[in-house]
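Participant: The following file, my_file_4.txt, comprises compact mmCIF, C-alpha atoms and all ligand atoms:
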# COMPACT_ATOMS: atom_id res chain seq x y z
CA MET A 83 -74.95 20.11 37.49
CA LYS A 84 -71.56 19.93 39.26
CA GLY A 85 -70.13 18.02 36.34
CA ALA A 86 -71.36 20.72 33.96
CA LEU A 87 -69.76 23.49 36.04
CA ALA A 88 -66.49 21.58 36.14
CA ALA A 89 -66.64 21.21 32.36
CA ILE A 90 -67.25 24.97 31.97
CA GLU A 91 -64.31 25.57 34.31
CA ARG A 92 -62.00 23.69 31.93
CA ASN A 93 -63.63 25.33 28.85
CA ASP A 94 -65.12 22.03 27.73
CA PHE A 95 -68.41 23.50 26.59
CA GLN A 96 -69.43 20.51 24.48
CA THR A 97 -69.43 18.31 27.57
CA ALA A 98 -71.20 20.97 29.62
CA ASN A 99 -73.82 21.21 26.86
CA SER A 100 -74.56 17.48 26.90
CA ILE A 101 -74.74 17.40 30.71
CA PHE A 102 -77.22 20.29 30.69
CA ARG A 103 -79.30 18.63 28.01
CA ASN A 104 -79.41 15.39 29.98
CA LEU A 105 -80.50 17.39 33.03
CA ILE A 106 -83.34 18.96 31.04
CA ASP A 107 -84.33 15.58 29.57
CA SER A 108 -84.32 13.94 33.01
CA GLY A 109 -87.38 15.98 33.98
CA LEU A 110 -85.91 16.58 37.46
CA PRO A 111 -86.33 20.04 39.00
CA LEU A 112 -83.52 22.27 37.75
CA PRO A 113 -81.45 24.55 39.97
CA ASP A 114 -82.35 28.24 39.56
CA ASP A 115 -78.97 29.20 38.18
CA MET A 116 -78.89 26.37 35.63
CA PRO A 117 -80.43 28.50 32.80
CA TYR A 118 -77.66 31.07 33.33
CA TYR A 119 -74.82 28.53 33.08
CA PHE A 120 -76.52 26.86 30.14
CA ALA A 121 -76.86 30.23 28.39
CA GLU A 122 -73.14 30.93 28.89
CA THR A 123 -72.34 27.49 27.48
CA LEU A 124 -74.58 27.98 24.45
CA PHE A 125 -72.95 31.37 23.82
CA GLN A 126 -69.54 29.69 23.72
CA LEU A 127 -70.90 27.10 21.28
CA GLY A 128 -72.26 29.82 18.98
CA GLN A 129 -75.91 28.92 19.61
CA PHE A 130 -76.81 32.55 20.19
CA ASP A 131 -80.55 32.36 19.76
CA ASN A 132 -80.85 29.50 22.24
CA SER A 133 -78.42 31.25 24.59
CA ASN A 134 -80.65 34.32 24.50
CA ASN A 135 -83.69 32.19 25.35
CA PHE A 136 -82.02 30.71 28.41
CA VAL A 137 -80.54 33.94 29.74
CA SER A 138 -83.96 35.57 29.37
CA LYS A 139 -85.48 32.65 31.21
CA TYR A 140 -82.92 33.05 33.98
CA LEU A 141 -83.72 36.74 34.41
CA GLU A 142 -87.41 35.91 34.38
CA ILE A 143 -87.03 33.32 37.14
CA THR A 144 -84.63 35.18 39.42
CA GLY A 145 -85.37 38.84 38.64
CA PHE A 146 -82.94 41.34 40.24
CA THR A 147 -82.08 38.98 43.04
CA GLY A 148 -80.27 36.34 41.01
CA GLN A 149 -76.72 35.54 42.02
CA HIS A 150 -75.68 35.99 38.38
CA TYR A 151 -77.78 39.06 37.65
CA ASP A 152 -74.80 41.12 36.43
CA GLY A 153 -73.39 38.21 34.48
CA ALA A 154 -76.76 37.66 32.81
CA LEU A 155 -77.01 41.32 31.80
CA ALA A 156 -73.47 41.21 30.44
CA LEU A 157 -74.32 38.09 28.44
CA LYS A 158 -77.43 39.79 27.02
CA GLU A 159 -75.17 42.64 25.92
CA LYS A 160 -72.67 40.24 24.32
CA LEU A 161 -75.51 38.54 22.44
CA LYS A 162 -76.69 41.73 20.75
CA ALA A 163 -74.06 41.77 18.00
CA PRO A 164 -74.28 38.09 16.95
CA LEU A 165 -78.08 38.19 17.06
CA ALA A 166 -78.09 41.28 14.83
CA GLN A 167 -75.76 39.44 12.41
CA ILE A 168 -78.17 36.51 12.25
CA GLU A 169 -81.03 38.91 11.61
CA ALA A 170 -79.13 40.57 8.76
CA CYS A 171 -77.89 37.35 7.17
CA ASN A 172 -79.71 35.74 4.25
CA PHE A 173 -77.94 32.41 4.54
CA CYS A 174 -79.42 31.31 7.85
CA ASP A 175 -82.73 31.02 9.67
CA ALA A 176 -83.77 33.05 12.73
CA ARG A 177 -81.84 30.71 14.98
CA GLY A 178 -78.60 31.12 13.07
CA TYR A 179 -78.65 27.73 11.36
CA ARG A 180 -77.49 27.67 7.82
CA TYR A 181 -80.01 27.10 5.06
CA ARG A 182 -79.37 24.25 2.69
CA THR A 183 -80.82 24.10 -0.79
CA CYS A 184 -84.13 22.25 -0.87
CA PHE A 185 -83.45 18.74 -2.18
CA VAL A 186 -86.90 18.38 -3.75
CA CYS A 187 -87.00 21.52 -5.93
CA GLU A 188 -83.21 22.01 -5.90
CA GLY A 189 -83.72 25.64 -4.91
CA LYS A 190 -86.14 26.37 -7.77
CA LYS A 191 -88.98 26.99 -5.23
CA GLN A 192 -91.40 25.15 -7.47
CA SER A 193 -91.89 21.50 -8.15
CA GLU A 194 -93.58 19.51 -10.85
CA GLN A 195 -96.32 17.12 -9.90
CA ALA A 196 -99.24 15.26 -11.44
CA CYS A 197 -101.95 17.68 -12.61
CA SER A 198 -104.64 17.56 -9.95
CA TYR A 199 -107.34 18.78 -12.36
CA CYS A 200 -107.12 15.89 -14.85
CA LYS A 201 -105.40 13.42 -12.49
CA ALA A 202 -102.41 13.45 -14.87
CA LYS A 203 -104.48 12.13 -17.81
CA GLY A 204 -104.05 15.34 -19.82
CA LEU A 205 -107.73 15.15 -20.84
CA VAL A 206 -110.94 16.12 -19.11
CA GLY A 207 -114.53 15.23 -19.93
CA CYS A 208 -116.39 17.84 -22.00
CA SER A 209 -118.89 19.57 -19.72
CA ARG A 210 -121.17 20.74 -22.53
CA CYS A 211 -122.08 17.25 -23.73
CA GLY A 212 -121.48 15.44 -20.44
CA ALA A 213 -118.52 13.67 -22.06
CA THR A 214 -120.78 11.86 -24.53
CA GLY A 215 -119.78 13.84 -27.63
CA MET A 216 -123.44 14.33 -28.47
CA ILE A 217 -125.92 17.10 -27.75
CA LYS A 218 -129.57 16.14 -27.41
CA LYS A 219 -132.17 18.55 -28.78
CA ILE A 220 -135.95 18.37 -29.07
CA ASN A 221 -137.07 19.61 -32.49
CA VAL A 222 -140.31 21.39 -33.47
CA PHE A 223 -142.04 18.06 -33.97
CA ASN A 224 -141.21 17.18 -30.41
CA LEU A 225 -138.73 14.53 -31.55
CA VAL A 226 -135.35 13.96 -29.99
CA GLU A 227 -132.40 14.74 -32.26
CA PHE A 228 -128.71 14.25 -31.58
CA PHE A 229 -125.99 16.56 -32.80
CA GLU A 230 -122.27 16.23 -32.57
CA CYS A 231 -120.96 18.44 -29.73
CA GLU A 232 -119.18 21.44 -31.25
CA ARG A 233 -117.06 22.10 -28.26
CA CYS A 234 -115.28 18.74 -28.27
CA SER A 235 -115.94 17.85 -31.94
CA GLY A 236 -117.86 14.78 -30.82
CA LYS A 237 -114.94 13.32 -28.88
CA GLY A 238 -116.49 13.89 -25.47
CA ARG A 239 -113.07 14.90 -24.14
CA LEU A 240 -111.08 18.11 -24.07
CA THR A 241 -107.45 18.88 -23.52
CA CYS A 242 -107.00 19.70 -19.81
CA PRO A 243 -107.15 23.49 -19.48
CA GLU A 244 -104.87 23.42 -16.41
CA CYS A 245 -101.88 21.51 -17.75
CA GLY A 246 -102.48 21.91 -21.50
CA GLY A 247 -102.54 18.14 -21.89
CA GLY A 248 -99.13 17.49 -20.38
CA GLY A 249 -100.62 15.92 -17.27
CA LYS A 250 -98.26 17.83 -15.02
CA GLU A 251 -98.55 21.01 -13.05
CA ILE A 252 -95.91 23.27 -11.60
CA SER A 253 -96.70 24.47 -8.12
CA GLU A 254 -94.98 25.84 -5.07
CA CYS A 255 -92.63 23.24 -3.65
CA LYS A 256 -94.37 21.73 -0.64
CA THR A 257 -91.17 20.52 0.99
CA CYS A 258 -89.70 24.01 1.41
CA ASN A 259 -93.00 25.94 1.18
CA GLY A 260 -91.70 27.72 -1.89
CA SER A 261 -88.65 29.21 -0.18
CA GLY A 262 -86.14 27.04 -2.07
CA HIS A 263 -84.26 26.21 1.11
CA LEU A 264 -84.48 24.17 4.29
CA SER A 265 -82.83 24.64 7.65
CA SER A 266 -79.81 22.54 8.53
CA ASP A 267 -78.11 21.74 11.83
CA GLN A 268 -75.02 23.65 10.78
CA LEU A 269 -74.36 27.02 12.42
CA CYS A 270 -73.93 29.85 9.94
CA ASN A 271 -70.79 31.96 9.55
CA HIS A 272 -72.88 34.58 7.68
CA HIS A 273 -70.80 34.27 4.52
CA ALA A 274 -71.89 32.74 1.24
CA SER A 275 -70.66 29.19 0.83
CA GLN A 276 -69.32 27.99 -2.51
CA GLU A 277 -72.53 26.11 -3.18
CA GLN A 278 -74.68 29.16 -2.42
CA THR A 279 -72.54 31.44 -4.56
CA GLN A 280 -73.19 29.07 -7.44
CA VAL A 281 -76.95 28.83 -6.99
CA SER A 282 -77.59 32.49 -6.24
CA PRO A 283 -77.75 33.72 -9.88
CA LYS A 284 -80.73 31.40 -10.43
CA GLN A 285 -82.74 32.89 -7.59
ZN ZN B 301 -88.33 23.04 -2.38
ZN ZN B 302 -118.59 17.91 -25.91
ZN ZN B 303 -104.34 18.51 -16.40
ZN ZN B 304 -76.04 33.58 8.63
Go ahead and express the file in the form of structure tokens.
Ligand SMILES: [Zn+2]
Ligand SMILES: [Zn+2]
Ligand SMILES: [Zn+2]
Ligand SMILES: [Zn+2]

Facilitator:
Amino acid sequence: MKGALAAIERNDFQTANSIFRNLIDSGLPLPDDMPYYFAETLFQLGQFDNSNNFVSKYLEITGFTGQHYDGALALKEKLKAPLAQIEACNFCDARGYRYRTCFVCEGKKQSEQACSYCKAKGLVGCSRCGATGMIKKINVFNLVEFFECERCSGKGRLTCPECGGGGKEISECKTCNGSGHLSSDQLCNHHASQEQTQVSPKQ
């Protein structure tokens, strides 16, 4: 904790960040004011959503009596604008991390896969004749007669009604849940990148 405060003192927020994270990972009891210092550090690093979580946690733990009560309120105030920017921005997720184009559907939101109805065969068994191609009938003399199935012209198979025989189906991309994008670990500047400017007309 002392090391983290010293790092903050010399504006080395990256170092402070890793010390705080090690503290959290260590599972040791954390000092009460740690969430406040961590929130200030995260603010400096542009991790506004996370900063907001920790400053809220600090206020929750210490209430009005916290040593950094005023500082925490001021930080909350400072967070309002960047959090509103994240909210308004279409290029990043709720935490402010930039979206990247889904690598599976390449931003098309849909992907092509094997038709699940015909198991990619493109054909399905005719249900009228039980895939035999023949219809059995009992005539007036109580004799069994066979007729060619009209529905499948005696083939016993029909073109798959789901994929039209192609054996493939287009469905919502499962990797990105049909959104066309995935989160990245890159913080967003809330401006379109070159890549996104290029893909946007397709969307
Ligand atoms: Zn996708
Ligand atoms: Zn048939
Ligand atoms: Zn099919
Ligand atoms: Zn953004």

Participant: Dump as a Markdown table the rows for residues of chain A within 7 Å of ligand ZN 302 (chain B): closest atom pair and distance in Å with one decimal, only C-alpha atoms and all ligand atoms counted, ordered by chain and rising residue number.

Facilitator:
| residue | atom | partner | partner_atom | distance |
| --- | --- | --- | --- | --- |
| A:Cys208 | CA | B:ZN302 | ZN | 4.5 |
| A:Ser209 | CA | B:ZN302 | ZN | 6.4 |
| A:Arg210 | CA | B:ZN302 | ZN | 5.1 |
| A:Cys211 | CA | B:ZN302 | ZN | 4.2 |
| A:Gly212 | CA | B:ZN302 | ZN | 6.7 |
| A:Ala213 | CA | B:ZN302 | ZN | 5.7 |
| A:Thr214 | CA | B:ZN302 | ZN | 6.6 |
| A:Gly215 | CA | B:ZN302 | ZN | 4.6 |
| A:Met216 | CA | B:ZN302 | ZN | 6.5 |
| A:Cys231 | CA | B:ZN302 | ZN | 4.5 |
| A:Glu232 | CA | B:ZN302 | ZN | 6.4 |
| A:Arg233 | CA | B:ZN302 | ZN | 5.0 |
| A:Cys234 | CA | B:ZN302 | ZN | 4.1 |
| A:Ser235 | CA | B:ZN302 | ZN | 6.6 |
| A:Gly236 | CA | B:ZN302 | ZN | 5.9 |
| A:Lys237 | CA | B:ZN302 | ZN | 6.6 |
| A:Gly238 | CA | B:ZN302 | ZN | 4.6 |
| A:Arg239 | CA | B:ZN302 | ZN | 6.5 |

Participant: For those residues, write C-alpha atoms to a file as a tab-separated table (two decimals), keeping the file's coordinate frame.

Facilitator:
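Printed below is again.tsv as written:
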chain	number	residue	atom	x	y	z
A	208	CYS	CA	-116.39	17.84	-22.00
A	209	SER	CA	-118.89	19.57	-19.72
A	210	ARG	CA	-121.17	20.74	-22.53
A	211	CYS	CA	-122.08	17.25	-23.73
A	212	GLY	CA	-121.48	15.44	-20.44
A	213	ALA	CA	-118.52	13.67	-22.06
A	214	THR	CA	-120.78	11.86	-24.53
A	215	GLY	CA	-119.78	13.84	-27.63
A	216	MET	CA	-123.44	14.33	-28.47
A	231	CYS	CA	-120.96	18.44	-29.73
A	232	GLU	CA	-119.18	21.44	-31.25
A	233	ARG	CA	-117.06	22.10	-28.26
A	234	CYS	CA	-115.28	18.74	-28.27
A	235	SER	CA	-115.94	17.85	-31.94
A	236	GLY	CA	-117.86	14.78	-30.82
A	237	LYS	CA	-114.94	13.32	-28.88
A	238	GLY	CA	-116.49	13.89	-25.47
A	239	ARG	CA	-113.07	14.90	-24.14

Participant: Taking only C-alpha atoms and all ligand atoms into account, report as a short mmCIF file (atom, residue, chain, number, x, y, z; two decimals) with C-alpha atoms, in the coordinates of the input which residues have an atom no farther than 9 Å from an atom of ligand ZN 304 (chain B).

Facilitator:
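Contents of part-v8.cif, as written:
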data_model
loop_
_atom_site.label_atom_id
_atom_site.label_comp_id
_atom_site.auth_asym_id
_atom_site.auth_seq_id
_atom_site.Cartn_x
_atom_site.Cartn_y
_atom_site.Cartn_z
CA GLN A 167 -75.76 39.44 12.41
CA ILE A 168 -78.17 36.51 12.25
CA GLU A 169 -81.03 38.91 11.61
CA ALA A 170 -79.13 40.57 8.76
CA CYS A 171 -77.89 37.35 7.17
CA ASN A 172 -79.71 35.74 4.25
CA PHE A 173 -77.94 32.41 4.54
CA CYS A 174 -79.42 31.31 7.85
CA ASP A 175 -82.73 31.02 9.67
CA ALA A 176 -83.77 33.05 12.73
CA GLY A 178 -78.60 31.12 13.07
CA TYR A 179 -78.65 27.73 11.36
CA ARG A 180 -77.49 27.67 7.82
CA TYR A 181 -80.01 27.10 5.06
CA LEU A 269 -74.36 27.02 12.42
CA CYS A 270 -73.93 29.85 9.94
CA ASN A 271 -70.79 31.96 9.55
CA HIS A 272 -72.88 34.58 7.68
CA HIS A 273 -70.80 34.27 4.52
CA ALA A 274 -71.89 32.74 1.24
#

Participant: Nearest to A:Gln192: which of A:Asp94, A:Asp152, A:Asp131, A:Glu254 is it, counting only C-alpha atoms?

Facilitator: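 Among the listed residues, the smallest separation from A:Gln192 belongs to A:Glu254.
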
Participant: Would you mind reading off the distance between atom CA of A:Glu142 and atom CA of A:Pro117, one decimal, in Å?

Facilitator: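 According to the coordinates, atom CA of A:Glu142 and atom CA of A:Pro117 are separated by 10.3 Å.
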
Participant: Tell me which of A:Pro113, A:Leu127, A:Tyr140, A:Lys256 sits closest to A:Gln268, counting only C-alpha atoms.

Facilitator: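 Using only C-alpha atoms, A:Gln268 sits closest to A:Leu127.
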
Participant: Which residues of chain A come within 12 Å of ligand ZN 303 (chain B), and for each one, what is the closest pair of atoms and their distance in Å to one decimal, counting only C-alpha atoms and all ligand atoms, sorted by chain and residue number, as JSON lines?

Facilitator:
{"residue": "A:Gln195", "atom": "CA", "partner": "B:ZN303", "partner_atom": "ZN", "distance": 10.4}
{"residue": "A:Ala196", "atom": "CA", "partner": "B:ZN303", "partner_atom": "ZN", "distance": 7.8}
{"residue": "A:Cys197", "atom": "CA", "partner": "B:ZN303", "partner_atom": "ZN", "distance": 4.6}
{"residue": "A:Ser198", "atom": "CA", "partner": "B:ZN303", "partner_atom": "ZN", "distance": 6.5}
{"residue": "A:Tyr199", "atom": "CA", "partner": "B:ZN303", "partner_atom": "ZN", "distance": 5.0}
{"residue": "A:Cys200", "atom": "CA", "partner": "B:ZN303", "partner_atom": "ZN", "distance": 4.1}
{"residue": "A:Lys201", "atom": "CA", "partner": "B:ZN303", "partner_atom": "ZN", "distance": 6.5}
{"residue": "A:Ala202", "atom": "CA", "partner": "B:ZN303", "partner_atom": "ZN", "distance": 5.6}
{"residue": "A:Lys203", "atom": "CA", "partner": "B:ZN303", "partner_atom": "ZN", "distance": 6.5}
{"residue": "A:Gly204", "atom": "CA", "partner": "B:ZN303", "partner_atom": "ZN", "distance": 4.7}
{"residue": "A:Leu205", "atom": "CA", "partner": "B:ZN303", "partner_atom": "ZN", "distance": 6.5}
{"residue": "A:Val206", "atom": "CA", "partner": "B:ZN303", "partner_atom": "ZN", "distance": 7.5}
{"residue": "A:Gly207", "atom": "CA", "partner": "B:ZN303", "partner_atom": "ZN", "distance": 11.3}
{"residue": "A:Leu240", "atom": "CA", "partner": "B:ZN303", "partner_atom": "ZN", "distance": 10.2}
{"residue": "A:Thr241", "atom": "CA", "partner": "B:ZN303", "partner_atom": "ZN", "distance": 7.8}
{"residue": "A:Cys242", "atom": "CA", "partner": "B:ZN303", "partner_atom": "ZN", "distance": 4.5}
{"residue": "A:Pro243", "atom": "CA", "partner": "B:ZN303", "partner_atom": "ZN", "distance": 6.5}
{"residue": "A:Glu244", "atom": "CA", "partner": "B:ZN303", "partner_atom": "ZN", "distance": 4.9}
{"residue": "A:Cys245", "atom": "CA", "partner": "B:ZN303", "partner_atom": "ZN", "distance": 4.1}
{"residue": "A:Gly246", "atom": "CA", "partner": "B:ZN303", "partner_atom": "ZN", "distance": 6.4}
{"residue": "A:Gly247", "atom": "CA", "partner": "B:ZN303", "partner_atom": "ZN", "distance": 5.8}
{"residue": "A:Gly248", "atom": "CA", "partner": "B:ZN303", "partner_atom": "ZN", "distance": 6.6}
{"residue": "A:Gly249", "atom": "CA", "partner": "B:ZN303", "partner_atom": "ZN", "distance": 4.6}
{"residue": "A:Lys250", "atom": "CA", "partner": "B:ZN303", "partner_atom": "ZN", "distance": 6.3}
{"residue": "A:Glu251", "atom": "CA", "partner": "B:ZN303", "partner_atom": "ZN", "distance": 7.1}
{"residue": "A:Ile252", "atom": "CA", "partner": "B:ZN303", "partner_atom": "ZN", "distance": 10.8}

Participant: Quote the spacing between atom CA of A:Ala166 and atom CA of A:Phe130 in Å to one decimal place.

Facilitator: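 The value is 10.3 Å.
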
Participant: Ligand ZN 301 (chain B): which residues are within 8 Å, counting only C-alpha atoms and all ligand atoms, as a compact mmCIF listing (two decimals) with C-alpha atoms, in the coordinates of the input?

Facilitator:
# COMPACT_ATOMS: atom_id res chain seq x y z
CA THR A 183 -80.82 24.10 -0.79
CA CYS A 184 -84.13 22.25 -0.87
CA PHE A 185 -83.45 18.74 -2.18
CA VAL A 186 -86.90 18.38 -3.75
CA CYS A 187 -87.00 21.52 -5.93
CA GLU A 188 -83.21 22.01 -5.90
CA GLY A 189 -83.72 25.64 -4.91
CA LYS A 190 -86.14 26.37 -7.77
CA LYS A 191 -88.98 26.99 -5.23
CA GLN A 192 -91.40 25.15 -7.47
CA SER A 193 -91.89 21.50 -8.15
CA GLU A 254 -94.98 25.84 -5.07
CA CYS A 255 -92.63 23.24 -3.65
CA LYS A 256 -94.37 21.73 -0.64
CA THR A 257 -91.17 20.52 0.99
CA CYS A 258 -89.70 24.01 1.41
CA ASN A 259 -93.00 25.94 1.18
CA GLY A 260 -91.70 27.72 -1.89
CA SER A 261 -88.65 29.21 -0.18
CA GLY A 262 -86.14 27.04 -2.07
CA HIS A 263 -84.26 26.21 1.11
CA LEU A 264 -84.48 24.17 4.29

Participant: Between atom CA of A:Leu155 and atom CA of A:Asp107, measure the distance and give it in Å to one decimal.

Facilitator: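 These atoms are spaced 26.9 Å apart.
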
Participant: Name the closest residue to A:Asn132 among the candidates A:Arg92, A:Phe229, A:Leu165, A:Gly153; distances are taken between atoms, counting only C-alpha atoms.

Facilitator: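 The closest residue to A:Asn132 is A:Leu165.
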
Participant: For each of A:Ile220, A:Leu105, A:Val137, A:Val226, take the minimum atom-to-atom distance to A:Glu159, counting all atoms listed in the file, then give the residue where this is smallest.

Facilitator: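 Of A:Ile220, A:Leu105, A:Val137, A:Val226, the one nearest A:Glu159, counting all atoms listed in the file, is A:Val137.
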
Participant: List the neighbours of stretch 144-151 of chain A out to 9 Å using only C-alpha atoms; skip same-chain residues closer than 5 positions along the sequence, and give me the result as a ChimeraX atom specification.

Facilitator: /A:114-115,118,139,156

Participant: Go ahead and save the residues from that selection, with C-alpha atoms, as a compact mmCIF listing (two decimals), in the frame of the given file.

Facilitator:
# COMPACT_ATOMS: atom_id res chain seq x y z
CA ASP A 114 -82.35 28.24 39.56
CA ASP A 115 -78.97 29.20 38.18
CA TYR A 118 -77.66 31.07 33.33
CA LYS A 139 -85.48 32.65 31.21
CA ALA A 156 -73.47 41.21 30.44

Participant: Mind working out the centre and edge lengths of an axis-aligned box for stretch 86-97 of chain A, all listed atoms inside, 6 Å added to each side, rounded to one decimal in Å and written as AutoDock Vina command-line options?

Facilitator:
--center_x -66.7 --center_y 21.9 --center_z 30.3 --size_x 21.4 --size_y 19.3 --size_z 23.7

Participant: Set the distance at 12 Å and use only C-alpha atoms: which residues neighbour A:Asn104 once local chain neighbours fewer than 4 positions away are removed? I'd like the list as a PyMOL selection string.

Facilitator: chain A and resi 83+85-86+97-100+108-110+112+120

Participant: Nearest to A:Ala121 among A:Ala163, A:Ala88, A:Val222, A:Leu141, with distances taken over all atoms listed in the file: which residue is it?

Facilitator: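 Counting all atoms listed in the file, the residue closest to A:Ala121 is A:Leu141.
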